[in-house]
Each structure stands twice: as structure tokens, then as C-alpha cells.
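Everything below belongs to coords-v9.txt, which stores compact mmCIF, C-alpha atoms.
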```
# COMPACT_ATOMS: atom_id res chain seq x y z
CA MET A 19 -27.59 64.41 77.05
CA ILE A 20 -29.95 61.59 77.82
CA ASP A 21 -31.30 62.13 81.34
CA PHE A 22 -32.90 59.89 83.95
CA ARG A 23 -36.44 60.66 82.74
CA TYR A 24 -35.63 59.21 79.29
CA HIS A 25 -34.44 55.96 80.86
CA LEU A 26 -37.50 55.86 83.10
CA VAL A 27 -39.89 56.32 80.17
CA SER A 28 -38.09 53.61 78.19
CA ILE A 29 -38.28 51.12 81.04
CA VAL A 30 -41.96 51.86 81.64
CA SER A 31 -42.69 51.41 77.90
CA ILE A 32 -40.98 48.03 77.86
CA PHE A 33 -42.91 46.76 80.86
CA LEU A 34 -46.20 48.08 79.45
CA ALA A 35 -45.56 46.21 76.19
CA LEU A 36 -44.79 43.02 78.10
CA ALA A 37 -47.91 43.43 80.21
CA VAL A 38 -50.10 43.94 77.14
CA GLY A 39 -48.58 40.86 75.51
CA ILE A 40 -49.18 38.76 78.58
CA VAL A 41 -52.77 39.94 78.91
CA LEU A 42 -53.54 39.29 75.23
CA GLY A 43 -51.78 35.95 75.27
CA ALA A 44 -53.63 34.82 78.34
CA GLY A 45 -56.91 36.26 77.18
CA PRO A 46 -58.38 36.96 73.73
CA LEU A 47 -55.46 35.52 71.70
CA LYS A 48 -54.71 32.52 73.88
CA GLU A 49 -56.97 30.11 72.08
CA ASP A 50 -55.95 31.25 68.55
CA LEU A 51 -52.23 31.10 69.32
CA GLY A 52 -52.54 27.71 70.95
CA ASN A 53 -54.54 26.28 68.04
CA THR A 54 -52.10 27.71 65.49
CA LEU A 55 -49.06 26.28 67.25
CA THR A 56 -50.73 22.89 67.72
CA SER A 57 -51.63 22.79 64.01
CA GLU A 58 -48.10 23.74 62.94
CA VAL A 59 -46.52 21.08 65.13
CA LYS A 60 -48.93 18.47 63.79
CA ASN A 61 -48.11 19.44 60.18
CA LEU A 62 -44.37 19.29 60.86
CA ARG A 63 -44.71 15.82 62.37
CA THR A 64 -46.71 14.68 59.34
CA ASP A 65 -44.08 16.11 56.97
CA LYS A 66 -41.29 14.44 58.93
CA ALA A 67 -43.03 11.07 58.79
CA ALA A 68 -43.62 11.43 55.04
CA LEU A 69 -39.98 12.38 54.41
CA ARG A 70 -38.78 9.45 56.50
CA THR A 71 -40.97 7.09 54.46
CA GLU A 72 -39.59 8.55 51.22
CA LEU A 73 -36.00 8.27 52.47
CA ASP A 74 -36.49 4.66 53.57
CA ALA A 75 -37.97 3.81 50.16
CA ALA A 76 -35.08 5.55 48.37
CA ASP A 77 -32.50 3.73 50.51
CA LYS A 78 -34.21 0.41 49.84
CA ALA A 79 -34.29 1.07 46.09
CA ALA A 80 -30.63 2.16 46.04
CA LYS A 81 -29.56 -0.97 47.92
CA ALA A 82 -31.57 -3.16 45.56
CA ARG A 83 -29.93 -1.50 42.53
CA ASP A 84 -26.47 -1.90 44.07
CA ASP A 85 -27.13 -5.56 44.88
CA PHE A 86 -28.36 -6.17 41.34
CA THR A 87 -25.38 -4.38 39.81
CA GLU A 88 -22.93 -6.26 42.01
CA ALA A 89 -24.48 -9.58 41.01
CA SER A 90 -24.53 -8.57 37.34
CA ASN A 91 -20.88 -7.49 37.45
CA ARG A 92 -19.80 -11.09 37.94
CA SER A 93 -20.84 -11.98 34.41
CA LEU A 94 -20.63 -8.51 32.87
CA LEU A 95 -16.97 -8.00 33.77
CA ALA A 96 -15.70 -11.57 33.52
CA GLY A 97 -12.78 -11.85 31.10
CA ARG A 98 -12.86 -8.20 30.05
CA LEU A 99 -9.25 -7.61 31.10
CA THR A 100 -7.75 -10.96 30.23
CA ASP A 101 -4.06 -10.62 29.20
CA THR A 102 -3.93 -7.15 30.78
CA THR A 103 -1.50 -6.32 33.58
CA VAL A 104 -2.65 -3.48 35.83
CA SER A 105 -0.78 -1.44 38.43
CA VAL A 106 -2.80 -0.17 41.39
CA ILE A 107 -1.46 3.11 42.80
CA ALA A 108 -2.90 4.24 46.15
CA LEU A 109 -2.50 7.96 46.81
CA PRO A 110 -2.25 9.49 50.32
CA GLY A 111 -5.60 9.23 52.09
CA ALA A 112 -6.89 6.38 49.91
CA ASP A 113 -9.25 4.00 51.68
CA GLN A 114 -7.54 0.60 51.87
CA GLY A 115 -10.91 -1.13 51.70
CA VAL A 116 -11.54 0.58 48.35
CA VAL A 117 -8.04 -0.39 47.16
CA LYS A 118 -8.68 -4.04 48.00
CA ALA A 119 -12.17 -4.04 46.46
CA THR A 120 -10.85 -2.46 43.27
CA SER A 121 -8.00 -4.97 43.04
CA ALA A 122 -10.53 -7.79 43.51
CA THR A 123 -12.72 -6.40 40.73
CA LEU A 124 -9.74 -6.16 38.37
CA ALA A 125 -8.76 -9.74 39.16
CA ALA A 126 -12.35 -10.93 38.63
CA ALA A 127 -12.26 -9.22 35.22
CA GLY A 128 -9.23 -11.34 34.31
CA ALA A 129 -6.48 -8.77 34.92
CA LYS A 130 -3.14 -9.52 36.51
CA ILE A 131 -2.12 -7.07 39.26
CA GLY A 132 1.44 -6.10 38.39
CA SER A 133 2.01 -4.06 41.53
CA THR A 134 0.25 -2.25 44.34
CA VAL A 135 2.20 0.88 45.23
CA THR A 136 1.19 3.21 48.06
CA VAL A 137 2.29 6.82 47.63
CA GLN A 138 3.28 8.37 50.94
CA ASP A 139 2.30 11.83 52.18
CA ALA A 140 5.94 12.89 51.73
CA TRP A 141 5.22 12.94 47.99
CA VAL A 142 3.34 16.22 48.43
CA ASP A 143 4.96 17.54 51.60
CA PRO A 144 6.17 21.10 50.79
CA ASP A 145 9.14 20.65 53.14
CA LYS A 146 10.42 17.74 51.01
CA ALA A 147 10.15 19.45 47.62
CA THR A 148 13.92 19.86 47.21
CA PHE A 149 14.55 16.27 48.26
CA ARG A 150 12.01 14.97 45.73
CA ALA A 151 13.42 17.07 42.91
CA THR A 152 16.99 16.00 43.64
CA LEU A 153 16.11 12.32 43.96
CA GLY A 154 14.03 12.45 40.79
CA SER A 155 16.89 14.02 38.83
CA ASN A 156 19.32 11.38 40.09
CA LEU A 157 17.01 8.54 39.04
CA ALA A 158 15.76 10.02 35.76
CA SER A 159 18.38 8.59 33.42
CA GLY A 160 17.80 5.05 34.73
CA VAL A 161 14.21 5.06 33.46
CA GLY A 162 14.64 7.26 30.41
CA VAL A 163 13.09 10.43 31.82
CA PRO A 164 14.39 13.71 30.35
CA VAL A 165 16.04 15.63 33.20
CA ASP A 166 14.99 18.95 31.70
CA GLU A 167 11.41 18.38 32.88
CA GLY A 168 12.41 19.75 36.26
CA GLY A 169 10.77 19.84 39.69
CA SER A 170 7.97 17.48 40.59
CA ASP A 171 7.48 16.45 36.97
CA VAL A 172 10.72 14.43 37.06
CA VAL A 173 9.92 12.38 40.17
CA ASN A 174 6.35 11.84 38.90
CA ALA A 175 7.69 10.46 35.64
CA VAL A 176 10.25 8.30 37.46
CA LEU A 177 7.55 6.56 39.49
CA ALA A 178 5.30 6.22 36.45
CA ARG A 179 8.01 4.63 34.31
CA SER A 180 9.05 2.37 37.16
CA VAL A 181 5.71 0.55 37.16
CA LEU A 182 4.30 1.15 33.68
CA THR A 183 5.44 0.75 30.12
CA LYS A 184 3.74 1.17 26.79
CA ALA A 185 5.71 -1.68 25.27
CA GLY A 186 4.97 -4.23 27.96
CA SER A 187 8.47 -4.46 29.44
CA THR A 188 10.00 -2.26 32.09
CA ALA A 189 12.64 0.34 31.28
CA GLN A 190 16.18 -0.53 32.32
CA GLY A 191 16.82 0.60 35.89
CA ALA A 192 13.14 0.81 36.84
CA ARG A 193 13.49 -1.69 39.64
CA ALA A 194 16.40 0.22 41.16
CA ALA A 195 14.54 3.52 40.79
CA LEU A 196 11.47 2.15 42.53
CA GLU A 197 13.60 0.79 45.35
CA SER A 198 15.24 4.22 45.76
CA LEU A 199 11.80 5.84 46.00
CA ARG A 200 10.92 3.35 48.72
CA THR A 201 14.19 3.97 50.55
CA GLY A 202 13.43 7.70 50.37
CA GLU A 203 10.09 6.95 52.06
CA LEU A 204 8.12 8.35 49.13
CA VAL A 205 6.35 5.06 48.33
CA LYS A 206 5.62 1.66 49.84
CA TYR A 207 5.19 -1.67 48.08
CA SER A 208 5.91 -5.32 48.67
CA GLY A 209 6.81 -8.28 46.53
CA THR A 210 8.01 -8.25 42.95
CA VAL A 211 6.79 -5.47 40.68
CA VAL A 212 5.66 -6.74 37.28
CA PRO A 213 5.62 -4.12 34.49
CA SER A 214 2.06 -3.06 33.63
CA THR A 215 0.48 -1.40 30.63
CA VAL A 216 -2.40 0.39 32.42
CA ALA A 217 -3.05 1.63 35.95
CA VAL A 218 -5.80 2.45 38.39
CA VAL A 219 -4.95 5.35 40.68
CA VAL A 220 -7.01 5.32 43.90
CA ALA A 221 -7.41 8.70 45.60
CA GLY A 222 -8.90 9.76 48.91
CA PRO A 223 -9.73 13.07 50.57
CA VAL A 224 -6.73 15.39 50.61
CA ALA A 225 -6.02 16.94 54.00
CA GLY A 226 -4.00 20.08 54.69
CA ASN A 227 -3.53 22.99 57.06
CA SER A 228 -5.44 25.41 54.83
CA ALA A 229 -7.56 25.54 51.70
CA ASP A 230 -4.53 26.65 49.67
CA ASP A 231 -2.44 23.81 51.07
CA ARG A 232 -5.11 21.24 50.24
CA THR A 233 -5.49 22.62 46.72
CA THR A 234 -1.72 22.52 46.16
CA ARG A 235 -1.52 18.90 47.32
CA ALA A 236 -4.55 17.82 45.26
CA THR A 237 -3.09 19.50 42.18
CA ALA A 238 0.25 17.72 42.68
CA LEU A 239 -1.49 14.34 43.02
CA ALA A 240 -3.61 15.01 39.92
CA LYS A 241 -0.39 15.70 37.99
CA LEU A 242 1.05 12.43 39.28
CA ALA A 243 -2.01 10.61 37.94
CA GLY A 244 -1.44 12.35 34.61
CA ALA A 245 2.19 11.21 34.54
CA ILE A 246 1.09 7.63 35.23
CA ASP A 247 -1.40 7.89 32.37
CA ASP A 248 1.37 9.11 30.03
CA ALA A 249 3.77 6.30 30.92
CA GLY A 250 1.55 3.45 29.81
CA ALA A 251 -1.49 2.71 27.68
CA GLY A 252 -3.70 4.70 30.03
CA ALA A 253 -4.92 5.18 33.59
CA VAL A 254 -8.16 5.67 35.49
CA LEU A 255 -8.17 7.95 38.55
CA VAL A 256 -10.86 6.89 41.04
CA THR A 257 -12.29 8.06 44.35
CA PRO A 258 -15.24 7.07 46.56
CA THR A 259 -18.47 9.07 46.53
CA LEU A 260 -17.94 12.42 48.24
CA ASP A 261 -19.78 12.84 51.53
CA PRO A 262 -21.94 15.99 51.10
CA LYS A 263 -21.23 16.86 54.74
CA ALA A 264 -17.46 16.57 54.31
CA THR A 265 -15.45 19.72 54.89
CA GLY A 266 -11.77 20.56 55.20
CA ALA A 267 -10.65 18.24 52.39
CA ALA A 268 -9.92 18.52 48.68
CA SER A 269 -10.69 16.00 45.91
CA VAL A 270 -8.02 14.84 43.48
CA VAL A 271 -10.69 13.82 40.97
CA THR A 272 -12.42 17.22 41.12
CA THR A 273 -9.04 18.91 40.70
CA ALA A 274 -8.12 16.71 37.75
CA ARG A 275 -11.45 17.36 36.05
CA ALA A 276 -10.86 21.10 36.31
CA ASP A 277 -7.73 20.67 34.17
CA GLY A 278 -8.80 20.54 30.54
CA ASP A 279 -5.49 19.10 29.37
CA LEU A 280 -5.64 16.24 31.88
CA THR A 281 -9.19 15.23 31.03
CA LYS A 282 -8.27 14.81 27.36
CA GLN A 283 -6.16 11.80 28.33
CA LEU A 284 -6.98 10.71 31.89
CA SER A 285 -10.25 8.99 32.81
CA THR A 286 -11.87 9.49 36.23
CA VAL A 287 -14.52 7.71 38.32
CA ASP A 288 -16.02 9.42 41.39
CA ASP A 289 -18.16 6.57 42.79
CA VAL A 290 -15.73 3.66 43.00
CA ASP A 291 -17.25 2.61 46.35
CA LEU A 292 -20.41 1.56 44.48
CA PRO A 293 -20.78 -1.52 42.26
CA MET A 294 -21.56 0.77 39.31
CA GLY A 295 -18.31 2.61 39.94
CA GLN A 296 -16.37 -0.65 40.04
CA ALA A 297 -17.79 -1.55 36.63
CA SER A 298 -16.81 1.91 35.39
CA VAL A 299 -13.20 1.19 36.37
CA VAL A 300 -13.05 -1.88 34.13
CA PHE A 301 -14.79 -0.28 31.16
CA GLY A 302 -12.79 2.89 31.75
CA LEU A 303 -9.56 0.89 31.34
CA LEU A 304 -10.88 -0.67 28.13
CA GLU A 305 -11.70 2.81 26.91
CA GLN A 306 -8.18 3.99 27.79
CA GLU A 307 -6.63 1.10 25.87
CA ALA A 308 -8.70 2.19 22.87
CA GLY A 309 -7.27 5.71 23.13
CA ARG A 310 -10.31 7.38 24.66
CA ALA A 311 -10.98 9.07 28.00
CA GLY A 312 -14.06 9.96 30.02
CA GLN A 313 -15.23 11.37 33.34
CA TYR A 314 -17.76 9.12 35.07
CA GLY A 315 -19.83 8.93 38.24
CA LEU A 316 -22.48 10.81 40.18
CA ALA A 317 -20.73 14.12 40.86
CA ALA A 318 -21.89 17.30 39.14
CA ASP A 319 -18.71 17.51 37.06
CA ALA A 320 -19.00 13.96 35.69
CA ALA A 321 -19.74 13.72 31.97
CA ALA A 322 -21.78 10.52 32.34
CA ALA A 323 -22.82 8.04 35.02
CA PHE A 324 -20.74 5.24 33.47
CA PRO A 325 -18.73 4.48 30.31
CA GLN A 326 -20.26 2.98 27.21
CA LEU A 327 -20.44 -0.75 27.91
CA ALA A 328 -18.27 -2.84 25.64
CA THR A 329 -20.21 -5.49 23.74
CA LYS A 330 -17.40 -7.92 23.02
```
Can you turn what I pasted into C-alpha cells?
Amino acid sequence: MIDFRYHLVSIVSIFLALAVGIVLGAGPLKEDLGNTLTSEVKNLRTDKAALRTELDAADKAAKARDDFTEASNRSLLAGRLTDTTVSVIALPGADQGVVKATSATLAAAGAKIGSTVTVQDAWVDPDKATFRATLGSNLASGVGVPVDEGGSDVVNAVLARSVLTKAGSTAQGARAALESLRTGELVKYSGTVVPSTVAVVVAGPVAGNSADDRTTRATALAKLAGAIDDAGAGAVLVTPTLDPKATGAASVVTTARADGDLTKQLSTVDDVDLPMGQASVVFGLLEQEAGRAGQYGLAADAAAAFPQLATK
């Protein structure tokens, strides 16, 4: 058993060590320690100043490139989508500023916006799964969707065929189906919906109570984007540049890119908040109309920074 003498020796040892440290620090080592610390602080300040200069230069260069690209887009994109009707589908969490900017870019490229539909969070709410499946089955026949698809696939296809068509004219009953989806508080839209041949699906960060919940919701939204792609001549799924500090959210684009079957047909852009990304949307749609798909942007899982620029 440890006795009082052991504790006494331990305490004395500690105080002796402290005393020796104080004596050395105040005496023989004082000057060396002070000089070393002063030198280290000076070097750190120099490094910080150099890094700040580099960061400022990088920011200035990036802004100059974005300004140049934005100015170039006016002539580069003009008329590219003439005679093309595009649906814009905003997923839960999509930034409305990005939705508006994307719609403006499409219009500047000559496209007609057939509809702007906002998908509500109820579309991926686990508590509403039965409601969605039942509603989708009830509406399926009106838009020519096989009822044997089952589950979320049916309601995805119903929405897709309500706004898109390969032939350029809406399926019979599409207007009624879309209105039922709005009444069921699954989507929002205003005005008259004009049938489109291609679509841009705008995603945002996917929130949820847990990582599994976020993944489930992102997967469901990626499948919706795939259904929209199938219903027309193609679709481009887009999202703003991911904040490296962002946590607690999932990416629909990242989830879609992890699905090899989806990426064979669906194009994605992960930097739609940048002028380069806006150009990628337009050229991505042209690529889709030509029967090709690609994954573009600045993220690690992108195949290229931007699509091959059309020369016509």
C-alpha cells in the first residue's frame, strides 16, 4: 500500500523539478529561449503575410477569370438553345438565386422556359412514403406510366412525364397529374406549364437528422433526376460549388455520380454558381440532346472541368 512517505517524495520531486526549471529559465537558458521564441514568432508572421499575399492574388485572378467568362458567355452561349423548351426543376434546398441565374442563362441562350417546378421536402419525407406511392399509382395511367414500377419510381415518373416529353407534346392527363401533385403539397409551380424536351434539375445541400437519413434523401432525389432524364431528351443535374467547411449535409450530385447507371445517361455540373458552370449547363444540354452525358465541374469526382464546346 502506498504510504505517506511515497506521496511526500513525489510532491518534493515535483517542486524540485519546477524550481530547477525556473532557475534555468531565469538564468542560463533565458536568453536562448527568448531568442528562439522571438525568431519563431517572426517567422510565423512572415509566413502569414506571404500566404495572405498569395491568397489575395489567387482571389484577384479567380475574379478576373470569372468576369471574363461571364462577359464571354454573352456571345458564346447566344442562340445555342434556340427552339429548345427547357423545364427547370428545383429540388429541396436549392438556392433560389441559383435557380433564377440558371433560368436567365437558359433564356439568354435562346431557350424557352416551359416550367419552373419546385419539389417540396415532402417528396423525400419518410413519413409520407405511403402517400406518395398511393398518389403516384393513382396518377400513373393518366401519363402513361406503368404501375408495376412501384414505390417512389412511380411518382418520380409521374412528375417527369408531367413536364417533359420526348415527342414535344405532353402526355394526356399530364396537366391534371401535375395539379394533383401540387394539391398533395409535393410540388409548387405557377402559371401554365409548357411541355419541354430537356430539363435542368437544380439541387442544394440535403439536410437530415442523421448521415443515413441524408444519404437516403439524396439518393431519392438523384433517382428523381434520373427519371426526369428518362422522360425527355435529357437532363442536367446541377449544384453550386460545395463549401469545404460544410458539414451535416449530403450532395445530390455526388450521390448521382456514385451511381454508374445514372451517370451513363444523366449529366451533372457541380459549379453552377460560377460563370463556367453556367456555360457547362448550356453545353451539357446540347450534349444530352446529342445522346451523350458527362460529369463536369471542380469537384474531385468530376470527369472534366467543362463539356466540349460546340463549334456551331
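Comparing the minimum interatomic distances between A:Leu182 and each of A:Asp279, A:Glu305, A:Asp65, A:Asp247, counting all atoms listed in the file, we find that A:Asp247 sits nearest.
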Which neighbours of stretch 111-128 of chain A fall inside 6 Å, counting all atoms listed in the file, when residues of the same chain fewer than 4 positions from it are skipped, and could you give them as a tab-separated table (two decimals) with C-alpha atoms, in the coordinates of the input?
```tsv
chain	number	residue	atom	x	y	z
A	95	LEU	CA	-16.97	-8.00	33.77
A	96	ALA	CA	-15.70	-11.57	33.52
A	97	GLY	CA	-12.78	-11.85	31.10
A	98	ARG	CA	-12.86	-8.20	30.05
A	99	LEU	CA	-9.25	-7.61	31.10
A	100	THR	CA	-7.75	-10.96	30.23
A	221	ALA	CA	-7.41	8.70	45.60
A	222	GLY	CA	-8.90	9.76	48.91
A	223	PRO	CA	-9.73	13.07	50.57
```
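Distance check against A:Leu177 using only C-alpha atoms: of A:Val165, A:Ala236, A:Ala147, A:Ile246, the minimum falls on A:Ile246.
Nearest-residue note for A:Ala129: choosing from A:Val220, A:Ala108, A:Ala79, A:Val300, the minimum distance belongs to A:Val300, counting all atoms listed in the file.
Relative to atom CA of A:Thr103, atom CA of A:Arg275 is found at 25.8 Å.
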Pairwise distance for atom CA of A:Gly191 and atom CA of A:Val161, rounded to one decimal in Å: 5.7 Å
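Reported to one decimal place, the separation of atom CA of A:Gly154 from atom CA of A:Ala195 is 8.9 Å.
Each of A:Asn227, A:Ser105, A:Thr56, A:Asn174 was compared to A:Asp248 using only C-alpha atoms, and A:Asn174 turns out to be the nearest.
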